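Data from target-v1.pdb: PDB, C-alpha atoms, pLDDT in the B column
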ATOM      1  CA  MET A   1     -69.175 -61.255 -46.085  1.00 71.00           C
ATOM      2  CA  SER A   2     -67.082 -58.507 -44.475  1.00 85.00           C
ATOM      3  CA  LEU A   3     -67.399 -54.814 -45.259  1.00 86.00           C
ATOM      4  CA  LEU A   4     -63.907 -54.813 -46.732  1.00 88.00           C
ATOM      5  CA  SER A   5     -64.574 -57.657 -49.174  1.00 91.00           C
ATOM      6  CA  VAL A   6     -67.946 -56.189 -50.203  1.00 92.00           C
ATOM      7  CA  SER A   7     -66.397 -52.757 -50.748  1.00 94.00           C
ATOM      8  CA  ARG A   8     -63.506 -54.255 -52.686  1.00 95.00           C
ATOM      9  CA  ARG A   9     -65.864 -56.093 -55.074  1.00 96.00           C
ATOM     10  CA  TYR A  10     -67.808 -52.948 -55.900  1.00 96.00           C
ATOM     11  CA  ALA A  11     -64.560 -50.966 -56.229  1.00 96.00           C
ATOM     12  CA  GLU A  12     -62.966 -53.479 -58.606  1.00 97.00           C
ATOM     13  CA  ALA A  13     -66.057 -53.535 -60.834  1.00 96.00           C
ATOM     14  CA  LEU A  14     -66.225 -49.740 -60.777  1.00 97.00           C
ATOM     15  CA  ALA A  15     -62.527 -49.504 -61.656  1.00 97.00           C
ATOM     16  CA  ASP A  16     -63.099 -51.784 -64.660  1.00 97.00           C
ATOM     17  CA  VAL A  17     -65.918 -49.555 -65.921  1.00 97.00           C
ATOM     18  CA  ALA A  18     -64.105 -46.294 -65.150  1.00 96.00           C
ATOM     19  CA  ILE A  19     -60.974 -47.428 -66.993  1.00 96.00           C
ATOM     20  CA  SER A  20     -62.889 -48.724 -70.008  1.00 96.00           C
ATOM     21  CA  ASP A  21     -64.753 -45.382 -70.282  1.00 95.00           C
ATOM     22  CA  SER A  22     -61.597 -43.310 -69.529  1.00 95.00           C
ATOM     23  CA  GLN A  23     -63.323 -41.592 -66.600  1.00 96.00           C
ATOM     24  CA  VAL A  24     -61.127 -42.673 -63.715  1.00 96.00           C
ATOM     25  CA  ASP A  25     -60.279 -39.188 -62.489  1.00 96.00           C
ATOM     26  CA  VAL A  26     -63.842 -37.869 -62.858  1.00 96.00           C
ATOM     27  CA  ILE A  27     -65.340 -40.813 -60.999  1.00 97.00           C
ATOM     28  CA  GLY A  28     -62.626 -40.649 -58.345  1.00 96.00           C
ATOM     29  CA  LYS A  29     -63.428 -36.991 -57.625  1.00 97.00           C
ATOM     30  CA  GLU A  30     -67.177 -37.616 -57.586  1.00 96.00           C
ATOM     31  CA  LEU A  31     -66.810 -40.559 -55.234  1.00 96.00           C
ATOM     32  CA  ALA A  32     -64.550 -38.593 -52.898  1.00 95.00           C
ATOM     33  CA  GLN A  33     -67.091 -35.765 -52.667  1.00 94.00           C
ATOM     34  CA  LEU A  34     -70.032 -38.110 -52.141  1.00 94.00           C
ATOM     35  CA  ALA A  35     -68.110 -40.278 -49.674  1.00 92.00           C
ATOM     36  CA  GLU A  36     -67.705 -37.244 -47.405  1.00 90.00           C
ATOM     37  CA  LEU A  37     -71.490 -37.144 -47.104  1.00 87.00           C
ATOM     38  CA  PHE A  38     -71.548 -40.823 -46.101  1.00 83.00           C
ATOM     39  CA  GLY A  39     -68.570 -40.752 -43.746  1.00 80.00           C
ATOM     40  CA  PRO A  40     -68.578 -42.340 -40.279  1.00 82.00           C
ATOM     41  CA  GLY A  41     -71.063 -40.671 -37.970  1.00 83.00           C
ATOM     42  CA  SER A  42     -72.900 -38.786 -40.715  1.00 85.00           C
ATOM     43  CA  GLU A  43     -76.668 -38.492 -40.558  1.00 91.00           C
ATOM     44  CA  LEU A  44     -76.958 -39.496 -44.207  1.00 90.00           C
ATOM     45  CA  ARG A  45     -75.103 -42.720 -43.570  1.00 90.00           C
ATOM     46  CA  ALA A  46     -77.349 -43.480 -40.609  1.00 92.00           C
ATOM     47  CA  LEU A  47     -80.424 -42.713 -42.694  1.00 92.00           C
ATOM     48  CA  PHE A  48     -79.478 -45.182 -45.451  1.00 92.00           C
ATOM     49  CA  ALA A  49     -78.452 -47.811 -42.901  1.00 91.00           C
ATOM     50  CA  SER A  50     -81.751 -47.547 -41.037  1.00 93.00           C
ATOM     51  CA  PRO A  51     -84.205 -50.415 -41.523  1.00 93.00           C
ATOM     52  CA  ILE A  52     -87.007 -48.119 -40.315  1.00 95.00           C
ATOM     53  CA  ILE A  53     -86.922 -45.914 -43.408  1.00 94.00           C
ATOM     54  CA  SER A  54     -88.516 -47.545 -46.440  1.00 94.00           C
ATOM     55  CA  GLN A  55     -86.554 -48.324 -49.573  1.00 95.00           C
ATOM     56  CA  ALA A  56     -88.976 -46.100 -51.528  1.00 96.00           C
ATOM     57  CA  ASP A  57     -88.169 -43.120 -49.278  1.00 95.00           C
ATOM     58  CA  LYS A  58     -84.470 -43.835 -49.628  1.00 95.00           C
ATOM     59  CA  LYS A  59     -84.848 -43.823 -53.431  1.00 96.00           C
ATOM     60  CA  VAL A  60     -86.478 -40.385 -53.304  1.00 96.00           C
ATOM     61  CA  ILE A  61     -83.677 -39.054 -51.087  1.00 95.00           C
ATOM     62  CA  LEU A  62     -81.000 -40.556 -53.333  1.00 94.00           C
ATOM     63  CA  LYS A  63     -82.680 -39.100 -56.422  1.00 96.00           C
ATOM     64  CA  THR A  64     -82.537 -35.648 -54.820  1.00 95.00           C
ATOM     65  CA  ILE A  65     -78.849 -36.108 -53.942  1.00 93.00           C
ATOM     66  CA  VAL A  66     -78.029 -37.214 -57.501  1.00 94.00           C
ATOM     67  CA  GLU A  67     -79.955 -34.279 -59.008  1.00 95.00           C
ATOM     68  CA  ARG A  68     -78.129 -31.771 -56.816  1.00 94.00           C
ATOM     69  CA  ALA A  69     -74.649 -33.326 -57.052  1.00 92.00           C
ATOM     70  CA  GLY A  70     -74.925 -34.080 -60.777  1.00 94.00           C
ATOM     71  CA  PRO A  71     -72.508 -37.023 -60.910  1.00 95.00           C
ATOM     72  CA  SER A  72     -71.708 -38.941 -64.089  1.00 96.00           C
ATOM     73  CA  ASN A  73     -73.989 -41.793 -65.135  1.00 96.00           C
ATOM     74  CA  ILE A  74     -71.455 -44.343 -63.901  1.00 97.00           C
ATOM     75  CA  THR A  75     -71.378 -42.839 -60.405  1.00 97.00           C
ATOM     76  CA  ALA A  76     -75.164 -42.412 -60.339  1.00 96.00           C
ATOM     77  CA  ASN A  77     -75.577 -46.055 -61.386  1.00 96.00           C
ATOM     78  CA  LEU A  78     -73.225 -47.154 -58.609  1.00 97.00           C
ATOM     79  CA  LEU A  79     -75.275 -45.224 -56.054  1.00 96.00           C
ATOM     80  CA  GLY A  80     -78.464 -46.842 -57.312  1.00 96.00           C
ATOM     81  CA  LEU A  81     -76.901 -50.293 -57.233  1.00 96.00           C
ATOM     82  CA  LEU A  82     -75.627 -49.803 -53.689  1.00 96.00           C
ATOM     83  CA  LEU A  83     -79.083 -48.640 -52.606  1.00 95.00           C
ATOM     84  CA  LYS A  84     -80.757 -51.597 -54.302  1.00 96.00           C
ATOM     85  CA  HIS A  85     -78.510 -54.004 -52.383  1.00 95.00           C
ATOM     86  CA  TYR A  86     -78.865 -52.125 -49.058  1.00 93.00           C
ATOM     87  CA  ARG A  87     -75.221 -51.012 -49.071  1.00 93.00           C
ATOM     88  CA  LEU A  88     -75.290 -47.292 -49.790  1.00 93.00           C
ATOM     89  CA  GLN A  89     -74.109 -46.564 -46.247  1.00 90.00           C
ATOM     90  CA  TYR A  90     -70.807 -48.225 -47.252  1.00 91.00           C
ATOM     91  CA  LEU A  91     -70.043 -45.659 -49.965  1.00 94.00           C
ATOM     92  CA  ALA A  92     -67.049 -44.218 -48.076  1.00 93.00           C
ATOM     93  CA  SER A  93     -65.495 -47.674 -47.861  1.00 93.00           C
ATOM     94  CA  VAL A  94     -66.171 -48.325 -51.568  1.00 96.00           C
ATOM     95  CA  GLU A  95     -64.504 -45.013 -52.433  1.00 96.00           C
ATOM     96  CA  GLU A  96     -61.427 -45.899 -50.365  1.00 94.00           C
ATOM     97  CA  GLN A  97     -61.151 -49.312 -52.036  1.00 96.00           C
ATOM     98  CA  PHE A  98     -61.674 -47.721 -55.474  1.00 97.00           C
ATOM     99  CA  GLN A  99     -58.718 -45.381 -54.887  1.00 96.00           C
ATOM    100  CA  ARG A 100     -56.575 -48.322 -53.744  1.00 93.00           C
ATOM    101  CA  GLU A 101     -57.568 -50.382 -56.792  1.00 96.00           C
ATOM    102  CA  ILE A 102     -56.803 -47.539 -59.212  1.00 97.00           C
ATOM    103  CA  ASN A 103     -53.439 -46.935 -57.520  1.00 95.00           C
ATOM    104  CA  LYS A 104     -52.676 -50.650 -57.754  1.00 94.00           C
ATOM    105  CA  ARG A 105     -53.490 -50.697 -61.461  1.00 96.00           C
ATOM    106  CA  ARG A 106     -51.408 -47.553 -62.034  1.00 96.00           C
ATOM    107  CA  ASN A 107     -48.515 -49.054 -60.021  1.00 95.00           C
ATOM    108  CA  ILE A 108     -48.746 -46.302 -57.403  1.00 95.00           C
ATOM    109  CA  LEU A 109     -48.004 -46.907 -53.742  1.00 94.00           C
ATOM    110  CA  LYS A 110     -48.952 -44.471 -50.995  1.00 93.00           C
ATOM    111  CA  ALA A 111     -46.343 -43.923 -48.323  1.00 94.00           C
ATOM    112  CA  GLU A 112     -46.925 -42.161 -45.027  1.00 96.00           C
ATOM    113  CA  ILE A 113     -43.601 -40.868 -43.755  1.00 95.00           C
ATOM    114  CA  THR A 114     -43.460 -39.523 -40.212  1.00 95.00           C
ATOM    115  CA  THR A 115     -40.401 -37.657 -38.983  1.00 93.00           C
ATOM    116  CA  ALA A 116     -39.569 -35.992 -35.669  1.00 90.00           C
ATOM    117  CA  ALA A 117     -39.280 -32.569 -37.302  1.00 92.00           C
ATOM    118  CA  PRO A 118     -40.205 -31.156 -40.711  1.00 94.00           C
ATOM    119  CA  ILE A 119     -37.686 -32.022 -43.429  1.00 93.00           C
ATOM    120  CA  ALA A 120     -36.595 -29.964 -46.423  1.00 94.00           C
ATOM    121  CA  ALA A 121     -38.063 -30.474 -49.890  1.00 94.00           C
ATOM    122  CA  ALA A 122     -34.771 -31.917 -51.199  1.00 95.00           C
ATOM    123  CA  GLU A 123     -34.760 -34.515 -48.419  1.00 94.00           C
ATOM    124  CA  ARG A 124     -38.388 -35.375 -49.172  1.00 94.00           C
ATOM    125  CA  GLU A 125     -37.527 -35.922 -52.830  1.00 94.00           C
ATOM    126  CA  ARG A 126     -34.534 -38.092 -51.966  1.00 94.00           C
ATOM    127  CA  LEU A 127     -36.583 -40.203 -49.573  1.00 90.00           C
ATOM    128  CA  SER A 128     -39.374 -40.623 -52.150  1.00 93.00           C
ATOM    129  CA  ARG A 129     -36.826 -41.640 -54.807  1.00 94.00           C
ATOM    130  CA  GLU A 130     -35.250 -44.218 -52.498  1.00 92.00           C
ATOM    131  CA  LEU A 131     -38.662 -45.701 -51.683  1.00 91.00           C
ATOM    132  CA  GLN A 132     -39.461 -45.834 -55.389  1.00 93.00           C
ATOM    133  CA  GLU A 133     -36.229 -47.733 -56.047  1.00 93.00           C
ATOM    134  CA  LEU A 134     -36.950 -50.062 -53.115  1.00 89.00           C
ATOM    135  CA  THR A 135     -40.505 -50.900 -54.225  1.00 90.00           C
ATOM    136  CA  GLY A 136     -40.316 -50.463 -57.992  1.00 92.00           C
ATOM    137  CA  LYS A 137     -43.522 -48.414 -57.810  1.00 94.00           C
ATOM    138  CA  THR A 138     -44.372 -44.758 -58.129  1.00 94.00           C
ATOM    139  CA  ILE A 139     -44.564 -43.326 -54.614  1.00 94.00           C
ATOM    140  CA  GLN A 140     -47.210 -40.871 -53.417  1.00 94.00           C
ATOM    141  CA  ALA A 141     -45.635 -39.634 -50.231  1.00 94.00           C
ATOM    142  CA  GLU A 142     -47.487 -37.948 -47.408  1.00 96.00           C
ATOM    143  CA  PHE A 143     -45.208 -36.383 -44.815  1.00 96.00           C
ATOM    144  CA  LYS A 144     -46.149 -35.893 -41.166  1.00 95.00           C
ATOM    145  CA  THR A 145     -44.276 -34.889 -38.047  1.00 95.00           C
ATOM    146  CA  ASP A 146     -44.309 -36.434 -34.588  1.00 93.00           C
ATOM    147  CA  PRO A 147     -41.817 -34.981 -32.084  1.00 91.00           C
ATOM    148  CA  ALA A 148     -42.204 -38.121 -29.945  1.00 88.00           C
ATOM    149  CA  LEU A 149     -40.039 -39.989 -32.485  1.00 87.00           C
ATOM    150  CA  ILE A 150     -37.029 -37.982 -31.206  1.00 88.00           C
ATOM    151  CA  GLY A 151     -35.259 -38.504 -34.566  1.00 88.00           C
ATOM    152  CA  GLY A 152     -35.262 -40.735 -37.640  1.00 86.00           C
ATOM    153  CA  ALA A 153     -38.405 -41.686 -39.537  1.00 89.00           C
ATOM    154  CA  VAL A 154     -41.271 -44.173 -39.623  1.00 93.00           C
ATOM    155  CA  THR A 155     -42.553 -45.110 -43.075  1.00 94.00           C
ATOM    156  CA  ARG A 156     -45.847 -46.922 -43.702  1.00 94.00           C
ATOM    157  CA  MET A 157     -46.565 -48.386 -47.126  1.00 92.00           C
ATOM    158  CA  GLY A 158     -49.662 -50.537 -47.150  1.00 83.00           C
ATOM    159  CA  SER A 159     -49.212 -53.100 -44.397  1.00 86.00           C
ATOM    160  CA  MET A 160     -45.423 -52.639 -44.259  1.00 89.00           C
ATOM    161  CA  VAL A 161     -43.867 -50.396 -41.615  1.00 91.00           C
ATOM    162  CA  TYR A 162     -40.207 -49.391 -41.664  1.00 90.00           C
ATOM    163  CA  ASP A 163     -39.343 -47.946 -38.266  1.00 89.00           C
ATOM    164  CA  GLY A 164     -36.021 -46.158 -38.131  1.00 85.00           C
ATOM    165  CA  SER A 165     -36.949 -43.846 -35.289  1.00 87.00           C
ATOM    166  CA  ILE A 166     -34.664 -43.159 -32.361  1.00 87.00           C
ATOM    167  CA  ARG A 167     -37.621 -43.769 -30.022  1.00 88.00           C
ATOM    168  CA  THR A 168     -37.870 -47.385 -31.210  1.00 88.00           C
ATOM    169  CA  GLN A 169     -34.112 -47.883 -31.062  1.00 87.00           C
ATOM    170  CA  LEU A 170     -34.049 -46.604 -27.477  1.00 87.00           C
ATOM    171  CA  HIS A 171     -36.969 -48.862 -26.585  1.00 88.00           C
ATOM    172  CA  THR A 172     -35.125 -51.868 -28.050  1.00 87.00           C
ATOM    173  CA  ILE A 173     -31.978 -51.040 -26.080  1.00 87.00           C
ATOM    174  CA  LYS A 174     -34.033 -50.613 -22.902  1.00 87.00           C
ATOM    175  CA  ASN A 175     -35.637 -54.056 -23.355  1.00 88.00           C
ATOM    176  CA  LYS A 176     -32.254 -55.679 -23.989  1.00 86.00           C
ATOM    177  CA  LEU A 177     -30.819 -54.113 -20.861  1.00 86.00           C
ATOM    178  CA  LYS A 178     -33.787 -55.326 -18.807  1.00 87.00           C
ATOM    179  CA  LYS A 179     -33.315 -58.880 -20.068  1.00 87.00           C
ATOM    180  CA  GLY A 180     -29.566 -58.751 -19.658  1.00 81.00           C
ATOM    181  CA  ASP A 181     -29.238 -59.510 -23.384  1.00 70.00           C
ATOM    182  CA  TYR A 182     -26.599 -56.940 -24.372  1.00 62.00           C
TER     183      TYR A 182
END
Could you write out this structure as structure tokens?
Amino acid sequence: MSLLSVSRRYAEALADVAISDSQVDVIGKELAQLAELFGPGSELRALFASPIISQADKKVILKTIVERAGPSNITANLLGLLLKHYRLQYLASVEEQFQREINKRRNILKAEITTAAPIAAAERERLSRELQELTGKTIQAEFKTDPALIGGAVTRMGSMVYDGSIRTQLHTIKNKLKKGDY
């Protein structure tokens, strides 16, 4: 089973519990903080992924982390369950999938909008509103700049990419001219 599907299963179950106990925001914050500790390249992640270190030693280390971090019972139980099934090193992935699942259930869609230059707040609002009308979902927009776009914008929402950049338009024209298809 792939990391994504494993992470998604834990995240969906956690979302069910978090929603039923009305602790979505608390658990989301706790997971985000703990996931930083288990991010790619972290020593803690490597420690829990290591087959050399005994499960008993890992339990002691996790107990210390839980005592110091003081997460809710739901989050602490998740950590214990992940450790029991040799998957604690995947906590960052579970956290990412949990946020996606909660956003899905709340009808929220994240949009990454990249423009060639910074745009004014009014333009950001208008663009967010238009995306909301297009998708029918509440948009959480994250704005970035990339001067290489020359002009226009590139918007990523999930697996969809809307590329209205001048760079792409120029590239398309260039390819048509090369093929003689103009």
If you take all atoms listed in the file and a cut-off of 9 Å, which residues of segment 70-172 of chain A touch segment 29-49 of chain A, and what are their nearest atom pairs and distances in Å to one decimal, in chain and number order, as a Markdown table?
| residue | atom | partner | partner_atom | distance |
| --- | --- | --- | --- | --- |
| A:Pro71 | CA | A:Glu30 | CA | 6.3 |
| A:Ser72 | CA | A:Glu30 | CA | 8.0 |
| A:Thr75 | CA | A:Leu31 | CA | 7.3 |
| A:Leu83 | CA | A:Phe48 | CA | 8.0 |
| A:Tyr86 | CA | A:Ala49 | CA | 7.5 |
| A:Arg87 | CA | A:Ala49 | CA | 7.7 |
| A:Leu88 | CA | A:Phe48 | CA | 6.4 |
| A:Gln89 | CA | A:Arg45 | CA | 4.8 |
| A:Tyr90 | CA | A:Phe38 | CA | 7.5 |
| A:Leu91 | CA | A:Ala35 | CA | 5.7 |
| A:Ala92 | CA | A:Ala35 | CA | 4.4 |
| A:Ser93 | CA | A:Ala35 | CA | 8.1 |
| A:Val94 | CA | A:Ala35 | CA | 8.5 |
| A:Glu95 | CA | A:Leu31 | CA | 5.7 |
| A:Glu96 | CA | A:Ala32 | CA | 8.3 |
| A:Phe98 | CA | A:Leu31 | CA | 8.8 |
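Applied to the shown file, the PyMOL selection byres ((chain A and resi 13-25) around 9) selects the residues A:Arg8, A:Arg9, A:Tyr10, A:Ala11, A:Glu12, A:Val26, A:Ile27, A:Gly28, A:Lys29, A:Glu30, A:Ile74, A:Thr75, A:Leu78, A:Phe98, A:Gln99, A:Glu101, A:Ile102.
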Checklist entry - Which value, in Å to one decimal, gives the distance between atom CA of Leu109 of chain A and atom CA of Gly152 of chain A? => result 21.4 Å
Evaluate the PyMOL selection byres ((chain A and resi 59) around 12) on the structure here and hand back the selected residues as a PDB file with C-alpha atoms, in the coordinates of the input.
ATOM      1  CA  LEU A  47     -80.424 -42.713 -42.694  1.00 92.00           C
ATOM      2  CA  PHE A  48     -79.478 -45.182 -45.451  1.00 92.00           C
ATOM      3  CA  ILE A  53     -86.922 -45.914 -43.408  1.00 94.00           C
ATOM      4  CA  SER A  54     -88.516 -47.545 -46.440  1.00 94.00           C
ATOM      5  CA  GLN A  55     -86.554 -48.324 -49.573  1.00 95.00           C
ATOM      6  CA  ALA A  56     -88.976 -46.100 -51.528  1.00 96.00           C
ATOM      7  CA  ASP A  57     -88.169 -43.120 -49.278  1.00 95.00           C
ATOM      8  CA  LYS A  58     -84.470 -43.835 -49.628  1.00 95.00           C
ATOM      9  CA  VAL A  60     -86.478 -40.385 -53.304  1.00 96.00           C
ATOM     10  CA  ILE A  61     -83.677 -39.054 -51.087  1.00 95.00           C
ATOM     11  CA  LEU A  62     -81.000 -40.556 -53.333  1.00 94.00           C
ATOM     12  CA  LYS A  63     -82.680 -39.100 -56.422  1.00 96.00           C
ATOM     13  CA  THR A  64     -82.537 -35.648 -54.820  1.00 95.00           C
ATOM     14  CA  ILE A  65     -78.849 -36.108 -53.942  1.00 93.00           C
ATOM     15  CA  VAL A  66     -78.029 -37.214 -57.501  1.00 94.00           C
ATOM     16  CA  ALA A  76     -75.164 -42.412 -60.339  1.00 96.00           C
ATOM     17  CA  LEU A  79     -75.275 -45.224 -56.054  1.00 96.00           C
ATOM     18  CA  GLY A  80     -78.464 -46.842 -57.312  1.00 96.00           C
ATOM     19  CA  LEU A  81     -76.901 -50.293 -57.233  1.00 96.00           C
ATOM     20  CA  LEU A  82     -75.627 -49.803 -53.689  1.00 96.00           C
ATOM     21  CA  LEU A  83     -79.083 -48.640 -52.606  1.00 95.00           C
ATOM     22  CA  LYS A  84     -80.757 -51.597 -54.302  1.00 96.00           C
ATOM     23  CA  TYR A  86     -78.865 -52.125 -49.058  1.00 93.00           C
ATOM     24  CA  LEU A  88     -75.290 -47.292 -49.790  1.00 93.00           C
TER      25      LEU A  88
END
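When atom CA of Thr115 of chain A is paired with atom CA of Asp146 of chain A, their separation reads 6.0 Å.
Evaluated against the shown file, the PyMOL selection byres ((chain A and resi 120-126) around 12) gives A:Ala111, A:Glu112, A:Ile113, A:Thr114, A:Thr115, A:Ala117, A:Pro118, A:Ile119, A:Leu127, A:Ser128, A:Arg129, A:Glu130, A:Leu131, A:Gln132, A:Glu133, A:Ile139, A:Gln140, A:Ala141, A:Glu142, A:Phe143, A:Lys144, A:Ala153.
Here atom CA of His171 of chain A stands at a distance of 12.4 Å from atom CA of Ala148 of chain A.
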